[in-house]
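What follows is a single structure, written as structure tokens, with notes after it.
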Amino acid sequence: MSTILELPIETYAGPVEPDWCPGCGDFGVLKAVKTAAARAGVRTKDLVVVSGIGCSSNLPGYLHAYGVHSLHGRAVAVASGIKLANTDLKVVITGGDGDGYGIGIGHFIHAMRRNLDLTYVVMNNQIYGLTTGQASPTTMKEHRTKSTPRGNVELPINPIALALVSGATYVARGFSGEPGHMAGLIADGIQHKGFALIDVFSPCVTYNHLNTYPWFKERVYKLEDRPGHDSTQVAAALEKSFEWGDRIPLGLFYRDEQPTYEDSEPALKQGPLVNQKLEVDGSLFQSLIEEFL
Amino acid sequence: MNEITVGIGGAAGDGLDKTGDTLAKTAARLGLHVCAYNSYQSVIRGGHIWLRVRLGEQPLHSHGDHLNALIALNQDSIERHAPEIEAGGLLLYNADRLRLDLGLREQVRSVPLPVAELTRTLGRVQPIMQNTVALGALFSLIGLEFDVAAGVLADTFRHKGQGVVDQNVGLLRAGYGYVREKFAPIGPRWNFTRTRRPFITGNEAFAIGAVAAGCKFYSAYPMTPASSILHWMAAHGERCGIVVKQCEDELAVANMAIGAGYAGVRAMCATSGGGFALMTEAVGMAGMIEAPVVIIEVQRGGPSTGIPTKTEQGDLNQVLGASQGDFPRIIIAPGDTADCFRTVVESFNLAEKYQLPVIVISDLLLSEHPQTIEPDDLSARVPIDRGQLVTEWNGDNGPFKRYAFTPSGISPRALPGTANAEHVAPTDEHDEEGILISDVFANQAVRRKIAEKRMKKLDLALQELPAPRLLGPADAEATLVGWGSTRGVIAEAIQRLAAAGLRANQLHFKYLLPFHAREAAEILARCRRTIAIENNSTGQFARYLRGETGHAVSEKILKYDGEPFEPRLIAEQVKAILEGRPRRLDVTEAEAREIAYHYLRTRLSEELRPGRLERLSGDGQGEPLWLVEIINRDSGHKQGELRIGAETGSARSWRPNA
Ligand SMILES: Cc1ncc(C[n+]2csc(CCOP(=O)(O)OP(=O)(O)O)c2C)c(N)n1
Ligand code: SF4
Ligand SMILES: [Mg+2]
């Protein structure tokens with residue numbers, strides 16, 4: 001049934017090599033994003049990758065595609081504007097846990113509630129990498145970081161649960177240690193019509209010595225490997241989203257088809273805004289003026 | 001010239017807006033010019049609302065400061081405003097509910113309306129329908145045609161059915177007919193041209209301007225006094241093909257608009273000072289990634305939440321200083337309602353041509369007051385300049401350089417979707433291709449050249465923008481310097497000064513950034529005496545002018561009480577300056593009365609009101625005093641005395657009758 005044309009992954013090779021620390025989880029995400037775009041057949045001219053600020057947010061610069069490397073926390077808002085302006089574009093947001101679940105959490109929640117057709121890949125390393133190792137909104141309790149020398153006292157945010165209760169229509173979790181699996185989740189997210197969150201465990205090898213590759217490898221399992229998880233049921237997904245500790249699920253938690261924001265926006269009925277002529281119709285303009293007479 | 005100013009006083013919920021609108025539209029349909037100002041409060045019900053509607057045969061540039069007829073909808077309005085009615089004027093009120101128990105000026109006539117009796121045959125009459133009876137009486141007395149007013153009512157109430165239309169026209173006729181037999185009219189002999197002019201606010205003109213300019217994306221978060229743009233856009237977005245997005249906060253508002261601008265549509269957003277503060281980081285982003293966006297900042301009384309429903313020009317420092325670092329931005333302050341339309345059209349062109357944020361700075365007065373403008377002030381055919389757009393790129397010529405170093409500083413833009421021109425627009429410092437130079441690739445030379453490239457765009461923009469001009473006699477004794485919304489009221493004050501034999505001229509600024517420093521300095525050097533007039537408390541523009549030109553204004557006339565300037569105040573202050581009289585910040589009698597009202601409302605009782613005021617030289621506490629007699633509203637008996645410091649404005653003591 002698929003008419004998708006797969007493209008070679010080199011199509012998306014960016015102009016410069018990443019300057020991430022060797023071993024950083026974000027390398028796996030970069031590769032997965034390219035693979036996913038190739039698998040989804042998104043042409044580079046139609047792909048816009050929007051990020052905020054952080055190590056992870058440098059990702060668009062390592063791709064061959066359009067991109068906006070925006071402000072810390074604002075990627076989702078910028079991406080929303082781009083998508084509404086040109087619905088023909090595939091808009092993928094890439095950023096960090098601080099960027100999306102901390103300073104930008106307002107936009108994150110509201111974008112999900114709107115069900116805009118966006119794909120959001122969060123490189124969740126449970127730390128602020130770029131600013132050299134402070135606690136992030138997903139840092140585990142009691143974890144000692146530069147800003148929590150006596151251990152973090154705040155509860156971490158649960159992004160999967162948050163997405164489920166906020167109206168996201170595609171909610172998944174990947175792991176940099178499983179780039180192929182993650183690429184599949186992102187590719188499906190890109191093809192999903194509606195807001196897709198792919199939260200990714202992307203270890204920071206330099207500043208997070210708790211949530212390391214081995215730490216995750218011991219714990220993660222794939223939902224699809226365990227029969228019984230029904231990803232069409234939000235209640236089941238919510239229950240799974242609280243599984244944390246010895247066993248941590250990866251894969252697709254939830255997926256649902258719902259009308260997107262774009263579908264219900266009357267001004268988009270004529271097609272993408274960017275294709276509409278600027279000159280206003282004379283009789284329409286006159287009818288607007290009549291209201292003031 | 002023939003003109004009349006009507007005041008309508010009441011509380012929120014009394015239906016002043018509709019009443020004022022019917023009056024204004026009737027006059028406008030007859031071909032009169034109209035300028036109105038509504039002094040309202042930040043409450044949904046209650047509070048004091050004071051609407052003034054000025055009508056005249058010549059173009060009006062402010063709501064003026066006359067009061068010829070007052071429609072009082074509550075007792076409070078009689079108390080506060082009846083004494084202000086000028087000789088030959090009228091006071092209209094519902095005699096069933098209100099009473100006149102204070103003296104009017106000489107030759108002011110009171111027109112009590114027996115509303116219940118007049119409307120007995122008109123079905124169930126809602127309280128706010130008394131307004132229409134009063135309007136009918138007013139139209140008869142000031143000589144506006146009944147049929148035209150009835151037509152306005154019919155248009156207003158048509159959607160509610162013929163019954164409602166008939167009832168309202170009946171109310172109008174009841175008032176019209178009643179006074180006809182009993183009172184001589186005061187209206188001038190109007191010459192009705194019947195030229196139909198739009199009656200419109202600055203915010204509506206912004207919105208219509210955006211439609212004409214091809215705006216396709218509008219985002220906002222509700223904030224007075226910018227919200228009426230959102231309301232207009234929301235009501236008309238579908239018809240006009242504009243996506244109108246109410247966002248979660250102003251951070252989203254600005255960032256979405258910039259995203260839309262980057263993707264290639266004309267995008268606009270608007271807010272007031274507090275919202276703009278949240279947008280500031282995004283303003284810098286637009287400058288850095290060179291994305292076009294138009295942001296309207298409608299100032300209200302600050303600081304902080306301030307006085308949401310009052311006007312001020314207090315955000316100039318904020319827009320000039322918004323966001324970190326040096327980046328190009330254009331700031332324009334339209335001078336009147338028609339200019340709001342032109343400014344938005346121009347702003348979209350500048351934003352796209354120079355690929356930067358354009359900030360339009362307005363204020364509550366300009367954005368919310370309605371007035372008539374000329375029919376051709378609003379046109380569907382406006383110039384549209386999208387700047388340099390690359391629609392095709394052959395990758396064989398090398399990668400597309402989004403930020404190419406060019407002599408003008410303008411680098412042709414490629415929108416996402418364009419083949420072979422893929423690039424990243426980064427807020428980190430970058431090279432010609434958009435590749436970061438902020439981390440391991442940091443490079444001083446590239447940094448210097450790209451910083452220069454960005455800023456160079458403003459040199460070109462400055463050449464394109466019209467320089468300020470001195471209006472009025474070159475040899476004037478004083479030059480009145482202003483910016484933005486005060487243009488008309490300053491011009492009117494100059495006419496009043498001229499009538500009093502004083503020669504003043506006007507130097508008014510619309511284009512604030514980039515700034516015509518050389519041209520302004522040349523003009524200012526030839527002025528005898530310069531007086532800055534600003535609706536803020538520190539003279540923000542005067543300080544900016546000094547920074548740009550080295551010219552320190554001789555004097556400042558500043559107003560920061562929440563209300564707009566009126567011509568008389570400016571003229572009086574200029575006169576005092578020219579005559580070398582000291583200008584003092586003492587509490588005036590009218591202000592002492594308002595302070596007393598506030599004290600009574602918050603500390604004593606609404607049953608009391610201020611009576612006579614007397615200024616005493618002092619009570620030994622270091623300042624002169626206002627002694628305010630406090631009387632009972634119903635009985636008129638004196639209940640005690642309130643003492644108010646005539647310098648500090650402090651409510652010093654309340655002494656009830658022994
Ligand atoms: C408004 C603002 N505040 C703070 C910063 C500094 N800052 C840059 S990145 C960052 C945190 C990044 O954390 P995260 O999003 O998790 O990305 P990571 O580096 O871990 O991939 C902070 C606080 C900034 N750039 N802007
Ligand atoms: S600091 Fe951490 S997140 Fe940043 S590049 Fe290095 S490993 Fe990756
Ligand atoms: Mg992080």
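Convention: chains lettered A, B, ... in structure tokens order; per-chain residue numbering from 1; ligands numbered from 1 as shown.
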
Open item on the list: If the cut-off is 8 Å, can you tell me the residues of chain A near chain B, counting only C-alpha atoms? I'd like them as a ChimeraX atom specification.
Closed with: /A:15,19,44-48,60-61,64-71,74,77-86,89,106-107,110,265-268,273-274,277-282,284-285,288-290,292-293

Take the residues just selected and output them with N, CA and C atoms as a short mmCIF file (atom, residue, chain, number, x, y, z; two decimals), in the first residue's frame.
```cif
data_model
loop_
_atom_site.label_atom_id
_atom_site.label_comp_id
_atom_site.auth_asym_id
_atom_site.auth_seq_id
_atom_site.Cartn_x
_atom_site.Cartn_y
_atom_site.Cartn_z
N PRO A 15 26.55 19.62 6.33
CA PRO A 15 27.80 20.23 5.89
C PRO A 15 28.96 20.02 6.86
N ASP A 19 29.93 18.10 16.77
CA ASP A 19 31.00 18.32 17.75
C ASP A 19 30.59 17.78 19.12
N THR A 44 14.66 16.50 1.02
CA THR A 44 15.37 17.48 1.86
C THR A 44 14.75 18.86 1.74
N LYS A 45 14.25 19.21 0.58
CA LYS A 45 13.69 20.56 0.41
C LYS A 45 12.38 20.73 1.18
N ASP A 46 11.75 19.62 1.49
CA ASP A 46 10.46 19.69 2.19
C ASP A 46 10.56 19.38 3.68
N LEU A 47 11.80 19.16 4.12
CA LEU A 47 12.00 18.80 5.53
C LEU A 47 12.53 20.03 6.27
N VAL A 48 11.86 20.39 7.35
CA VAL A 48 12.36 21.48 8.20
C VAL A 48 12.57 20.91 9.59
N PRO A 60 20.08 20.03 13.93
CA PRO A 60 19.74 20.45 12.56
C PRO A 60 20.98 20.85 11.75
N GLY A 61 21.99 21.37 12.41
CA GLY A 61 23.20 21.79 11.70
C GLY A 61 23.99 20.64 11.11
N HIS A 64 21.36 17.74 6.15
CA HIS A 64 21.08 18.48 4.93
C HIS A 64 19.57 18.57 4.81
N ALA A 65 19.04 19.72 5.18
CA ALA A 65 17.59 19.96 5.14
C ALA A 65 17.42 21.42 5.53
N TYR A 66 16.18 21.89 5.48
CA TYR A 66 15.95 23.21 6.06
C TYR A 66 15.91 23.08 7.57
N GLY A 67 16.26 24.16 8.25
CA GLY A 67 16.23 24.08 9.69
C GLY A 67 16.20 25.44 10.34
N VAL A 68 15.67 25.48 11.54
CA VAL A 68 15.80 26.67 12.37
C VAL A 68 16.36 26.22 13.71
N HIS A 69 17.50 26.77 14.04
CA HIS A 69 18.14 26.50 15.33
C HIS A 69 17.71 27.68 16.20
N SER A 70 16.58 27.51 16.88
CA SER A 70 15.91 28.68 17.46
C SER A 70 16.40 28.97 18.87
N LEU A 71 15.52 29.44 19.71
CA LEU A 71 15.89 29.85 21.07
C LEU A 71 15.66 28.70 22.05
N ARG A 74 11.99 27.32 22.69
CA ARG A 74 10.97 27.87 21.77
C ARG A 74 10.78 27.06 20.51
N ALA A 77 7.18 26.25 19.43
CA ALA A 77 6.40 27.40 18.96
C ALA A 77 6.84 27.81 17.55
N VAL A 78 8.14 27.86 17.33
CA VAL A 78 8.63 28.23 15.99
C VAL A 78 8.13 27.21 14.97
N ALA A 79 8.24 25.93 15.33
CA ALA A 79 7.81 24.86 14.42
C ALA A 79 6.31 24.97 14.13
N SER A 80 5.52 25.32 15.13
CA SER A 80 4.07 25.46 14.93
C SER A 80 3.79 26.54 13.89
N GLY A 81 4.52 27.65 13.99
CA GLY A 81 4.34 28.74 13.02
C GLY A 81 4.71 28.30 11.62
N ILE A 82 5.80 27.54 11.51
CA ILE A 82 6.25 27.08 10.19
C ILE A 82 5.20 26.14 9.59
N LYS A 83 4.72 25.23 10.40
CA LYS A 83 3.76 24.25 9.89
C LYS A 83 2.46 24.93 9.44
N LEU A 84 1.98 25.89 10.25
CA LEU A 84 0.74 26.56 9.88
C LEU A 84 0.93 27.40 8.62
N ALA A 85 2.16 27.91 8.42
CA ALA A 85 2.42 28.73 7.23
C ALA A 85 2.50 27.86 5.98
N ASN A 86 3.05 26.66 6.13
CA ASN A 86 3.21 25.80 4.96
C ASN A 86 2.97 24.35 5.34
N LEU A 89 5.08 21.17 4.23
CA LEU A 89 6.39 20.81 4.79
C LEU A 89 6.24 19.73 5.85
N GLY A 106 5.55 24.75 28.35
CA GLY A 106 4.23 25.32 28.01
C GLY A 106 3.89 25.06 26.56
N HIS A 107 4.83 25.34 25.68
CA HIS A 107 4.56 25.15 24.25
C HIS A 107 4.32 23.67 23.96
N HIS A 110 0.78 22.62 24.97
CA HIS A 110 -0.27 23.22 24.13
C HIS A 110 -0.22 22.70 22.69
N GLU A 265 -8.74 24.10 10.71
CA GLU A 265 -8.51 25.54 10.55
C GLU A 265 -9.11 26.00 9.23
N PRO A 266 -10.19 26.80 9.30
CA PRO A 266 -10.88 27.16 8.06
C PRO A 266 -10.00 27.91 7.06
N ALA A 267 -9.07 28.73 7.58
CA ALA A 267 -8.25 29.53 6.67
C ALA A 267 -7.30 28.66 5.85
N LEU A 268 -7.19 27.37 6.19
CA LEU A 268 -6.28 26.50 5.43
C LEU A 268 -7.01 25.67 4.37
N LEU A 273 -0.93 28.33 3.32
CA LEU A 273 -0.97 29.80 3.31
C LEU A 273 0.09 30.38 2.38
N VAL A 274 1.23 29.71 2.35
CA VAL A 274 2.36 30.25 1.60
C VAL A 274 2.06 30.30 0.10
N LYS A 277 -2.28 34.11 -2.77
CA LYS A 277 -1.84 35.42 -3.26
C LYS A 277 -1.99 36.47 -2.17
N LEU A 278 -1.13 37.48 -2.23
CA LEU A 278 -1.15 38.50 -1.18
C LEU A 278 -2.23 39.56 -1.43
N GLU A 279 -2.46 39.89 -2.68
CA GLU A 279 -3.40 40.97 -3.00
C GLU A 279 -4.79 40.59 -2.52
N VAL A 280 -5.44 41.53 -1.86
CA VAL A 280 -6.77 41.25 -1.34
C VAL A 280 -7.81 41.52 -2.43
N ASP A 281 -8.79 40.67 -2.46
CA ASP A 281 -9.88 40.82 -3.41
C ASP A 281 -10.63 42.13 -3.14
N GLY A 282 -10.86 42.91 -4.21
CA GLY A 282 -11.45 44.24 -4.06
C GLY A 282 -12.83 44.22 -3.40
N LEU A 284 -14.12 41.87 -1.46
CA LEU A 284 -13.99 41.46 -0.06
C LEU A 284 -13.57 42.67 0.77
N PHE A 285 -12.59 43.40 0.27
CA PHE A 285 -12.09 44.55 1.02
C PHE A 285 -13.20 45.57 1.23
N LEU A 288 -15.46 44.66 3.98
CA LEU A 288 -14.88 44.90 5.31
C LEU A 288 -15.05 46.36 5.71
N ILE A 289 -14.85 47.25 4.75
CA ILE A 289 -14.96 48.69 5.01
C ILE A 289 -16.41 49.07 5.36
N GLU A 290 -17.36 48.40 4.70
CA GLU A 290 -18.78 48.71 4.94
C GLU A 290 -19.13 48.66 6.43
N PHE A 292 -17.66 49.73 8.81
CA PHE A 292 -17.28 50.94 9.55
C PHE A 292 -18.08 52.16 9.12
N LEU A 293 -19.06 51.95 8.23
CA LEU A 293 -19.78 53.13 7.72
C LEU A 293 -21.11 53.31 8.43
#
```

Open item on the list: Taking only C-alpha atoms and all ligand atoms and a cut-off of 7 Å, can you tell me which residues surround ligand 1, written as JSON, numbers by chain?
Closed with: {"A": [53, 54, 55, 56, 57, 71, 72, 95, 96, 97, 98, 99, 100, 123, 124, 125, 126, 127, 128, 129, 130, 131, 136]}

Same residues, N, CA, C and O atoms, output as a short mmCIF file (atom, residue, chain, number, x, y, z; two decimals), in the first residue's frame:
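Output below, filename selection.cif:
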```
data_model
loop_
_atom_site.label_atom_id
_atom_site.label_comp_id
_atom_site.auth_asym_id
_atom_site.auth_seq_id
_atom_site.Cartn_x
_atom_site.Cartn_y
_atom_site.Cartn_z
N ILE A 53 17.88 25.21 22.06
CA ILE A 53 19.30 25.37 22.39
C ILE A 53 19.70 24.29 23.39
O ILE A 53 18.98 24.01 24.34
N GLY A 54 20.86 23.73 23.17
CA GLY A 54 21.41 22.65 23.98
C GLY A 54 22.33 21.84 23.10
O GLY A 54 22.36 22.05 21.88
N CYS A 55 23.06 20.89 23.68
CA CYS A 55 23.89 20.02 22.82
C CYS A 55 23.01 19.38 21.77
O CYS A 55 23.30 19.39 20.57
N SER A 56 21.92 18.78 22.24
CA SER A 56 21.01 18.07 21.35
C SER A 56 20.43 18.98 20.28
O SER A 56 20.20 18.56 19.15
N SER A 57 20.20 20.23 20.63
CA SER A 57 19.57 21.16 19.69
C SER A 57 20.50 21.56 18.55
O SER A 57 20.08 22.23 17.61
N LEU A 71 15.52 29.44 19.71
CA LEU A 71 15.89 29.85 21.07
C LEU A 71 15.66 28.70 22.05
O LEU A 71 14.85 27.80 21.80
N HIS A 72 16.30 28.80 23.19
CA HIS A 72 16.14 27.78 24.23
C HIS A 72 14.68 27.71 24.67
O HIS A 72 14.13 28.69 25.19
N GLY A 95 15.29 18.31 20.16
CA GLY A 95 15.83 19.12 21.25
C GLY A 95 16.10 18.29 22.47
O GLY A 95 16.01 17.06 22.44
N GLY A 96 16.41 18.98 23.56
CA GLY A 96 16.77 18.30 24.79
C GLY A 96 15.64 18.30 25.80
O GLY A 96 14.58 18.90 25.59
N ASP A 97 15.90 17.61 26.91
CA ASP A 97 14.91 17.55 27.98
C ASP A 97 14.77 18.90 28.67
O ASP A 97 13.66 19.31 29.03
N GLY A 98 15.87 19.62 28.82
CA GLY A 98 15.78 20.95 29.42
C GLY A 98 14.98 21.87 28.52
O GLY A 98 14.09 22.61 28.95
N ASP A 99 15.29 21.79 27.26
CA ASP A 99 14.66 22.64 26.25
C ASP A 99 13.14 22.40 26.18
O ASP A 99 12.36 23.34 26.18
N GLY A 100 12.77 21.13 26.14
CA GLY A 100 11.36 20.82 25.90
C GLY A 100 10.53 20.64 27.15
O GLY A 100 9.36 21.02 27.21
N MET A 123 15.81 14.43 22.92
CA MET A 123 16.99 13.70 23.38
C MET A 123 17.08 13.90 24.88
O MET A 123 17.63 14.88 25.37
N ASN A 124 16.51 12.94 25.58
CA ASN A 124 16.34 13.07 27.02
C ASN A 124 17.54 12.42 27.72
O ASN A 124 17.61 11.21 27.84
N ASN A 125 18.49 13.27 28.15
CA ASN A 125 19.67 12.74 28.84
C ASN A 125 19.61 13.02 30.34
O ASN A 125 20.58 12.85 31.06
N GLN A 126 18.47 13.51 30.77
CA GLN A 126 18.21 13.75 32.20
C GLN A 126 19.25 14.68 32.83
O GLN A 126 19.56 14.57 34.02
N ILE A 127 19.76 15.59 32.01
CA ILE A 127 20.78 16.53 32.50
C ILE A 127 20.83 17.73 31.54
O ILE A 127 20.37 17.63 30.41
N TYR A 128 21.36 18.85 32.02
CA TYR A 128 21.68 19.96 31.13
C TYR A 128 23.11 19.74 30.65
O TYR A 128 24.05 19.94 31.41
N GLY A 129 23.25 19.30 29.41
CA GLY A 129 24.57 19.00 28.89
C GLY A 129 25.36 20.25 28.54
O GLY A 129 26.45 20.49 29.07
N LEU A 130 24.79 21.06 27.69
CA LEU A 130 25.55 22.20 27.16
C LEU A 130 26.03 23.14 28.25
O LEU A 130 27.09 23.74 28.15
N THR A 131 25.25 23.27 29.30
CA THR A 131 25.65 24.19 30.37
C THR A 131 26.45 23.46 31.46
O THR A 131 26.55 23.92 32.58
N SER A 136 18.19 18.61 35.37
CA SER A 136 17.18 18.95 34.37
C SER A 136 15.82 18.52 34.92
O SER A 136 15.74 17.88 35.97
#
```

Task: Expected answer as a list in words: residues within 6 Å of ligand 2, only C-alpha atoms and all ligand atoms - done: Trp20, Cys21, Cys24, Cys55, Gly129, Leu130, Cys204, Val205, Thr206 and Tyr207 of chain A

Per DSSP on the backbone, what are the alpha helix (DSSP H) residues of stretch 402-530 of chain B, as a compact mmCIF listing (two decimals) with C-alpha atoms, in the first residue's frame?
```
# COMPACT_ATOMS: atom_id res chain seq x y z
CA GLN B 444 36.70 36.55 14.64
CA ALA B 445 36.89 37.64 11.03
CA VAL B 446 33.65 35.94 10.02
CA ARG B 447 32.00 37.29 13.11
CA ARG B 448 33.01 40.84 12.31
CA LYS B 449 31.80 40.64 8.74
CA ILE B 450 28.45 39.05 9.49
CA ALA B 451 27.78 41.50 12.31
CA GLU B 452 28.46 44.34 9.89
CA LYS B 453 26.35 42.72 7.19
CA ARG B 454 23.32 42.56 9.46
CA MET B 455 23.60 46.11 10.72
CA LYS B 456 24.33 47.56 7.27
CA LYS B 457 20.75 46.89 6.25
CA LEU B 458 19.64 49.74 8.47
CA ASP B 459 21.80 52.25 6.57
CA LEU B 460 19.86 51.47 3.44
CA ALA B 461 16.53 51.48 5.25
CA LEU B 462 17.29 54.92 6.67
CA GLN B 463 17.77 56.32 3.16
CA GLU B 464 14.41 54.96 2.13
CA ARG B 487 0.72 64.43 16.56
CA GLY B 488 -2.83 65.73 16.19
CA VAL B 489 -3.30 67.08 19.68
CA ILE B 490 0.00 68.98 19.51
CA ALA B 491 -1.02 70.45 16.14
CA GLU B 492 -4.29 71.60 17.66
CA ALA B 493 -2.51 73.13 20.66
CA ILE B 494 -0.33 75.08 18.21
CA GLN B 495 -3.47 76.49 16.57
CA ARG B 496 -4.76 77.59 19.98
CA LEU B 497 -1.44 79.23 20.76
CA ALA B 498 -1.55 81.02 17.42
CA ALA B 499 -5.03 82.29 18.24
CA ALA B 517 19.97 61.90 13.44
CA ARG B 518 21.65 64.29 11.02
CA GLU B 519 18.42 65.76 9.67
CA ALA B 520 16.94 66.06 13.15
CA ALA B 521 20.07 67.72 14.52
CA GLU B 522 20.05 70.28 11.70
CA ILE B 523 16.45 71.22 12.37
CA LEU B 524 16.87 71.34 16.13
CA ALA B 525 19.96 73.54 15.86
```

Task: Straight-line distance linking atom CA of B:Gly56 with atom CA of B:Met1, stated in Å to one decimal - done: 7.4 Å
